[in-house]
Every structure is written in C-alpha cells, then in structure tokens.
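Novice: Encoded as structure tokens, here's the structure I'll be asking about.
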Amino acid sequence: MLLQIEKISKSFGGVHALVDFSLSMDRAKIIGIIGPNGAGKTTLFNVISGVYPPDKGKIYLNDKDISGKEQFIITRAGIARTFQNIRLFTGLSVIDNVMCAFDPTSRYGIFGGLFPTPMRIREEKRGHKLSEDYLQLVDLLKYRDEKPENLPYGLQRRLEIARALACKPKILLLDEPAAGLNPKEVSDLMELIHRIRDERGLGILVIEHRLELVMGLSEEIYVLDFGHTIAIGSPSEIKSNPAVIKAYLGEEECN
Amino acid sequence: MELYLSVFTFALISVVSVCGIYVLTGLTGMFSLGQASFMAIGAYISGVLVVRLNMPFWPATIIAVLVSIMIGFIVGLPTVRLRRDYISLVTLGFGEAITALLNQSVQITGGAMGFSGIPQKTNFALVIISVIISITLVAFLKISKYGRQCIALKSDELAAKAMGIDVPKMKMIAFLLSVGLTAYSGVLYAFYTTYVDPSMFGWRKSAEWVIMVFFGGVNSLTGSIIATLLLSALPEMLRFASEYRMFFYSVLVLLIINFKPSGLFEEFELSPAFIAKLFKKGNKNGVINATTDRKNQ
C-alpha cells in the first residue's frame, strides 16, 4: 500500500476539523478532495504533512508509520506538498527555490559549507542539474535567475510544484493548485498534473474548488463536510450523489 | 597616523564579528542582543589562559573559540525550536548575566576594574588575514546549501520545513558559526588593546552590530562589511563635532533605515561574476552576447 490513512481526527479547541478520515491508495493515482470552505481539507493536508500531529489515527507511507513525525522527516520520507497561499522563498532565485528542496539530502557537511571542497562542487552540480530538470518539466527554465515574486501568479504555482517535486516524493499533496488561475492556465495545469503522475509515478492528492478540474483529473474523489467524509467514489458517482449535492453543490448554487 | 591605524584596526576587528552577525541576522533572520557577551567570553578565556596559566597564544585562542561555541550550544538549545524572536530575549538575558558574572569574579577577571596585562599579540597583519578569511568563509557559506537553507527558513519557516529542511538544526549551525566568529574577534580585541572590562560587551555593542548589518543591507554581506567600516570609523571622523557626533551618527542611521529599509546595498554582492561584468562593460560584443544568450535560453 502506497499511502494508508486510518481514522485520523484533529480538533482545535471544541472544533472538530477532521473526524475519522480514512484513505488508502494502492498505486500511483490522482485522488481529489473536495468540500465547502471549512470542511477540513487543508487540515487534512496539514496533518498528513506533519504541520501538526493527528489527535488519533495512523498514517502509513509504504507500510511505514509516519503519523506524528516531524514535518521535515515526513517530507524526507516521501510526502511533499504545495500551499494554498503560495509560499515561495522570496530571498532566493527561482532555481535556488528548487535547490532548497534538494539541499537537505545533499551530501556535504559543514566543512563543505565553508570551503569549496570537491564533494561540494560535485553535489552542487548534481543539484543544479536536477533543479533544471524540474524547472524544465514545469516549463520555467527560462526564468531560472528571476526572483519568484516577480513571476505571474500562474507561474508561481508551477514553481511551487517544481519545488515540491524536487523533494523526490512518492506522494504529492496539491492544495488548491488552480486558485487564481485563468482558464488557459487551468488546462495547462491539468495537463501538467497528468504528466507528473504518468512520468514520475507519483500518487497525487488534490484539494480543489473548481469542479471541472477535480472531475477531469481525479480517479477517485473524497467529499468532506464539517470534518466528516460524506462520500467516496468516482467522479460520475460523486456528481449524482444526493448528499454531495446538498452539502457542496447545493451551497454553491445558493451563492 | 598611529591613531588612524588603530581606528582602522578596531573597525576591522568589528568586521570579523559582523561577519558572524551577518550569518545570524542577515542569512537566518535571528536577532541576538547578547552576541557581544560571546566576544567577552572569547576575550576573557583567552586572556586568562595566557596571563594566568602562561599558555601560548594560539592554543588559548582555539580553546577560547571552542568553549564559546559549547556555551553557545547550551544557550541556543532551548531557543532554536521556538519562534525566531525568542532568541533575542534569551541572548539578551544571557549577555547581561555574563557581564554580571565578569563583574563578580574579581579574583580571576579583575571585576569591574577590568582585566589588564594581556600581552599584545594582535597586529595589523593578523587582523587583515583574519578579516579576509572570515569574509571568504561567510561568502562561501552564503552560496552553499547552508546559506540557501538559512535564507529559505528566514523567508518562510513553515515552507522550509515542508521542503525537508531541519529548521532547528540550521538555526543552531548559523548561531554557532556566528558565536565562533564573535568569540574569535573577542580574542583579537583583547590581545590588541591588552585591556578589557565587562562594560565593553553589553547589549549596546550587540545592538550596534545589528544596526551595522541593517545599515549596509541585511541581504548583502558586502553592504554589512562596508557599513561596519563606515560606522566604526565615523565617530572618530566626526571628532571635530565633539559633543554632537553621536547625534550625527544616529541621524545618519535613522535616515538610511527610513529611506532605504533594505539597506545601502540592498542585495548587491561584490561577487566575481559582478567584477567580470564590470570589465566587460566597455566591450560592446560582450553586452550583445549576454543579451542574445538570454533570449536563446
């Protein structure tokens, strides 16, 4: 089992943000997670990626228990993520942003940090090559020396994906990757996510508000409402599920 | 002449500590208000070893720096897991405690009367060599994986953790490097002046270093160093204005911080690449090549 989540719950004070959520992913596929605002989607991602530990429940990655581990350890174990509100490193160039994801596993010590040892030069070269590959994948190589904050929004989102990929994950968590994108950028993004799954063999969890994107991408969809999982199924099953329409689509129509 | 040389030497000794502050504040975004106490620890330990135990200069220096780093580790341990601003409070308290301790231990350190009789081992050449080495090490650190990870965690700690960066460890490395450099500058200082007293190493000194880094540009090592030379020499250059020189000094710092919040040099670095570009400037082909190269990419 690639990813197995068993009955995780998380409360903040009296608010049950996530209740008994379970999920299993046996092979690399794309799973969509939808739900109205405040349904607990981002909480789910924060618990999986270790921002805070679950109150109860277990998370297994490749049958290894990673629940409650520290964030950077979970990332190194193979779960990388992007953020709903873009969180790029503003003090670093585009390529250095990607390099940062490679650096924690780069094989030179503090001595190499102070002197240009042969090992350091070799590892820096390897990191640069890898980072360029990831930038190429998301079509950002020509902006390699720009500052990330100067890129248009859509490209910043792509850079976040490249940076997450550079962590060499087995599971990629995308938190609203299409927020703020125009229709053209959304279709480019869908194509990119498909390509990542096919070429890199990653399991992908996507939180998304845009239904056309979720329906078009996901092989399986989980619907959350007030922390509870109210439906699981293929896109067509979800579309016709009355509970989902009531909780999610119904609310959208009211607006 | 003698006076100018000594002013310049003191400024250069400050550059060594500011290199450390740059790693801590510039790269990692942590503020220490007790960094001068590590200068005191370096100065006093080396001084005591040489004067009271007749140890040669270099072994005493190495012991002083290593002991400072060990003390730094203990001070840093509880703070690196907390939010970055806590380190200011902890170091401030620690710094004042060290000053009090030095004042109290009269038999060993001479207390508030100061510790004198240190042989003069630091000369201008040693200071210049130390400055060059410190700057080179920090410049290499900035463009290494450590520098990148420090800048990353300064910019966004949560995202840094999500990229697999061990944030507490990175902060500790930055803090200890900074402590090491500051302690070493303390040794240079003690063996140049031949006299130290606890009041030289209060929080004002630490704050002064932070001001220097911000004045020159918190993201620029070049800027921090030039600002240090400038601001260390300024009070001496303003000697003619006697009473008013601190006033001028403060006004200048306020002006810069207000109108150029990212410092004099912002993110500029005097890197080999920049120097190469300077020489190419007159060469038209070079410029054209550079622009077409960009288009081709």
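Residues in the structure tokens are numbered from 1 in each chain, the chains being A, B, ... in the order shown, and ligands are numbered from 1 in the order shown.
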Counting only C-alpha atoms, which residues from chain A have an atom at most 6 Å from any atom of chain B, and could you show them as number ranges by chain?
Specialist: A: 71-72, 75-76, 89, 101, 103-104, 113-114, 142
Novice: What's the 9 Å shell around Phe191 (chain B), counting only C-alpha atoms, without same-chain residues fewer than 3 positions away, as a list in words?
Specialist: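 Listed by chain and then number, they are Ala43, Ser46, Gly47, Ile118, Pro119, Gln120, Lys121, Thr122, Asn123, Gly186, Val187, Leu188, Thr194 and Tyr195 of chain B.
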Novice: As a JSON list (two decimals) with C-alpha atoms, in the first residue's frame, please: the residues near region 8-16 of chain B (cut-off 8 Å, only C-alpha atoms, same-chain neighbours under 3 positions excluded).
Specialist:
[["chain", "number", "residue", "atom", "x", "y", "z"],
["B", 4, "TYR", "CA", 44.15, 56.17, 12.22],
["B", 5, "LEU", "CA", 45.81, 52.78, 12.15],
["B", 19, "CYS", "CA", 30.55, 38.55, 9.55],
["B", 20, "GLY", "CA", 29.11, 36.40, 12.32],
["B", 124, "PHE", "CA", 47.60, 44.71, 11.84],
["B", 127, "VAL", "CA", 43.75, 41.29, 11.75],
["B", 128, "ILE", "CA", 43.79, 41.73, 7.97],
["B", 130, "SER", "CA", 41.55, 37.16, 9.91],
["B", 131, "VAL", "CA", 39.17, 39.54, 8.13],
["B", 134, "SER", "CA", 36.19, 35.38, 7.79],
["B", 135, "ILE", "CA", 34.73, 37.14, 4.75],
["B", 181, "LEU", "CA", 33.39, 34.33, 14.73],
["B", 182, "THR", "CA", 32.37, 36.72, 17.51],
["B", 184, "TYR", "CA", 37.45, 34.98, 17.74],
["B", 185, "SER", "CA", 37.02, 38.72, 17.28],
["B", 188, "LEU", "CA", 41.75, 39.66, 18.58],
["B", 189, "TYR", "CA", 40.33, 42.58, 20.53],
["B", 225, "ILE", "CA", 31.13, 44.93, 5.82],
["B", 228, "THR", "CA", 30.85, 48.29, 9.60],
["B", 229, "LEU", "CA", 33.97, 50.06, 8.35],
["B", 232, "SER", "CA", 33.10, 52.21, 13.18],
["B", 233, "ALA", "CA", 35.23, 54.97, 11.74]]
Novice: Applying 6 Å and only C-alpha atoms, which residues near region 95-99 of chain B remain after dropping the ones on its own chain fewer than 2 positions away? List them as an NGL selection string.
Specialist: :B and (34 or 37 or 91-93 or 101-102 or 198)
Novice: May I have all residues of region 29-83 of chain B that DSSP, computed from the backbone, assigns to helix (DSSP H, G or I), given as a ChimeraX atom specification?
Specialist: /B:35-53,57-76
Novice: Point out the residue among B:Ser32, B:Thr222, B:Ser262, B:Thr193 with the least atom-to-atom distance to Ser6 (chain B), counting only C-alpha atoms.
Specialist: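 Answer, going by the shortest atom-to-atom distance: B:Thr193.
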Novice: Extract, using only C-alpha atoms, all DNA, RNA and protein residues at most 7 Å from region 64-70 of chain B, discarding same-chain residues fewer than 6 positions from it, and format them as JSON, numbers by chain.
Specialist: {"B": [38, 41, 42, 45, 46, 176, 179, 180, 183, 184]}
Novice: Quick one: residues within 7 Å of region 219-222 of chain A, only C-alpha atoms, excluding same-chain residues fewer than 4 positions away - as a compact mmCIF listing (two decimals) with N, CA and C atoms, in the first residue's frame?
Specialist:
# COMPACT_ATOMS: atom_id res chain seq x y z
N LYS A 29 -2.02 7.15 -8.22
CA LYS A 29 -3.18 7.70 -8.90
C LYS A 29 -3.52 9.07 -8.33
N ILE A 30 -4.53 9.70 -8.96
CA ILE A 30 -4.89 11.04 -8.53
C ILE A 30 -6.20 10.97 -7.76
N ILE A 31 -6.17 11.44 -6.52
CA ILE A 31 -7.37 11.46 -5.71
C ILE A 31 -7.74 12.91 -5.43
N GLY A 32 -8.98 13.25 -5.69
CA GLY A 32 -9.45 14.61 -5.45
C GLY A 32 -10.12 14.71 -4.09
N ILE A 33 -9.92 15.83 -3.41
CA ILE A 33 -10.59 16.05 -2.13
C ILE A 33 -11.36 17.35 -2.25
N ILE A 34 -12.68 17.26 -2.13
CA ILE A 34 -13.49 18.47 -2.26
C ILE A 34 -14.35 18.65 -1.02
N THR A 229 -16.29 12.64 6.35
CA THR A 229 -16.27 12.18 4.97
C THR A 229 -17.70 11.81 4.60
N ALA A 231 -18.82 11.29 1.29
CA ALA A 231 -18.94 10.45 0.09
C ALA A 231 -17.57 10.11 -0.45
N ILE A 232 -17.45 8.91 -1.02
CA ILE A 232 -16.23 8.49 -1.70
C ILE A 232 -16.68 7.84 -3.00
N GLY A 233 -16.01 8.15 -4.10
CA GLY A 233 -16.41 7.47 -5.33
C GLY A 233 -15.75 8.07 -6.55
N SER A 234 -16.11 7.52 -7.72
CA SER A 234 -15.57 8.04 -8.97
C SER A 234 -16.27 9.37 -9.27
N PRO A 235 -15.67 10.19 -10.16
CA PRO A 235 -16.29 11.49 -10.46
C PRO A 235 -17.77 11.37 -10.82
Novice: With a distance cut-off of 12 Å and only C-alpha atoms, select the neighbouring residues of Leu155 (chain A), excluding the residue or stretch itself and same-chain residues fewer than 5 positions from it, and output the selection as a list of chain:residue names.
Specialist: A:Ile86, A:Leu88, A:Val94, A:Leu135, A:Val138, A:Asp139, A:Leu140, A:Leu141, A:Lys142, A:Tyr143, A:Arg144, A:Glu146, A:Lys147, A:Pro148, A:Glu149, A:Asn150, A:Glu160, A:Ile161, A:Ala162, A:Pro177, A:Ala178, A:Gly180, A:Leu181, A:Asn182, A:Glu185, A:Val186, A:Asp188, A:Leu189
Novice: Would you put the residues from that selection into a file with C-alpha atoms, as a PDB file, in the first residue's frame?
Specialist:
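Dumped to part.pdb:
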ATOM      1  CA  ILE A  86       1.765  30.490  -2.307  1.00  0.00           C
ATOM      2  CA  LEU A  88       7.887  30.585  -2.133  1.00  0.00           C
ATOM      3  CA  VAL A  94      13.766  30.638  -8.954  1.00  0.00           C
ATOM      4  CA  LEU A 135      12.132  23.624 -13.964  1.00  0.00           C
ATOM      5  CA  VAL A 138       7.061  22.818 -15.430  1.00  0.00           C
ATOM      6  CA  ASP A 139       8.360  24.963 -18.281  1.00  0.00           C
ATOM      7  CA  LEU A 140      10.078  27.586 -16.123  1.00  0.00           C
ATOM      8  CA  LEU A 141      13.693  27.073 -17.119  1.00  0.00           C
ATOM      9  CA  LYS A 142      13.908  30.422 -18.888  1.00  0.00           C
ATOM     10  CA  TYR A 143      13.092  32.218 -15.618  1.00  0.00           C
ATOM     11  CA  ARG A 144      15.756  30.387 -13.612  1.00  0.00           C
ATOM     12  CA  GLU A 146      14.449  35.639 -11.768  1.00  0.00           C
ATOM     13  CA  LYS A 147      13.066  36.376  -8.339  1.00  0.00           C
ATOM     14  CA  PRO A 148       9.978  34.279  -7.682  1.00  0.00           C
ATOM     15  CA  GLU A 149       7.879  37.252  -6.549  1.00  0.00           C
ATOM     16  CA  ASN A 150       8.300  38.830  -9.991  1.00  0.00           C
ATOM     17  CA  GLU A 160       5.761  25.517  -6.119  1.00  0.00           C
ATOM     18  CA  ILE A 161       5.027  22.249  -7.892  1.00  0.00           C
ATOM     19  CA  ALA A 162       8.594  22.038  -9.220  1.00  0.00           C
ATOM     20  CA  PRO A 177      -3.303  24.419  -7.275  1.00  0.00           C
ATOM     21  CA  ALA A 178      -5.753  26.209  -9.597  1.00  0.00           C
ATOM     22  CA  GLY A 180      -6.410  32.331  -9.030  1.00  0.00           C
ATOM     23  CA  LEU A 181      -5.580  30.841 -12.434  1.00  0.00           C
ATOM     24  CA  ASN A 182      -7.284  31.741 -15.710  1.00  0.00           C
ATOM     25  CA  GLU A 185      -3.638  28.188 -17.112  1.00  0.00           C
ATOM     26  CA  VAL A 186      -6.058  25.696 -15.570  1.00  0.00           C
ATOM     27  CA  ASP A 188      -2.156  23.685 -18.735  1.00  0.00           C
ATOM     28  CA  LEU A 189      -2.106  22.722 -15.071  1.00  0.00           C
TER      29      LEU A 189
END
Novice: Tell me, in Å to one decimal, how far CA of Glu70 (chain A) is from CA of Val80 (chain B).
Specialist: 14.9 Å
Novice: Considering only C-alpha atoms, can you say which of B:Leu255, B:Ala40, B:Ile226, B:Ile129 comes closest to Leu270 (chain B)?
Specialist: B:Ile226
Novice: If you run DSSP on the backbone, which residues of region 4-247 of chain A are strand (DSSP E), as a PyMOL selection string?
Specialist: chain A and resi 4-12+15-25+30-34+56-61+64-65+79-81+171-175+203-207+220-225+228-233
Novice: Could you tell me which of A:Tyr60, A:Leu217, A:Asn241, A:Arg163 comes closest to Ser187 (chain A) if we count only C-alpha atoms?
Specialist: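 Ranking A:Tyr60, A:Leu217, A:Asn241, A:Arg163 by distance to Ser187 (chain A), first place goes to A:Leu217.
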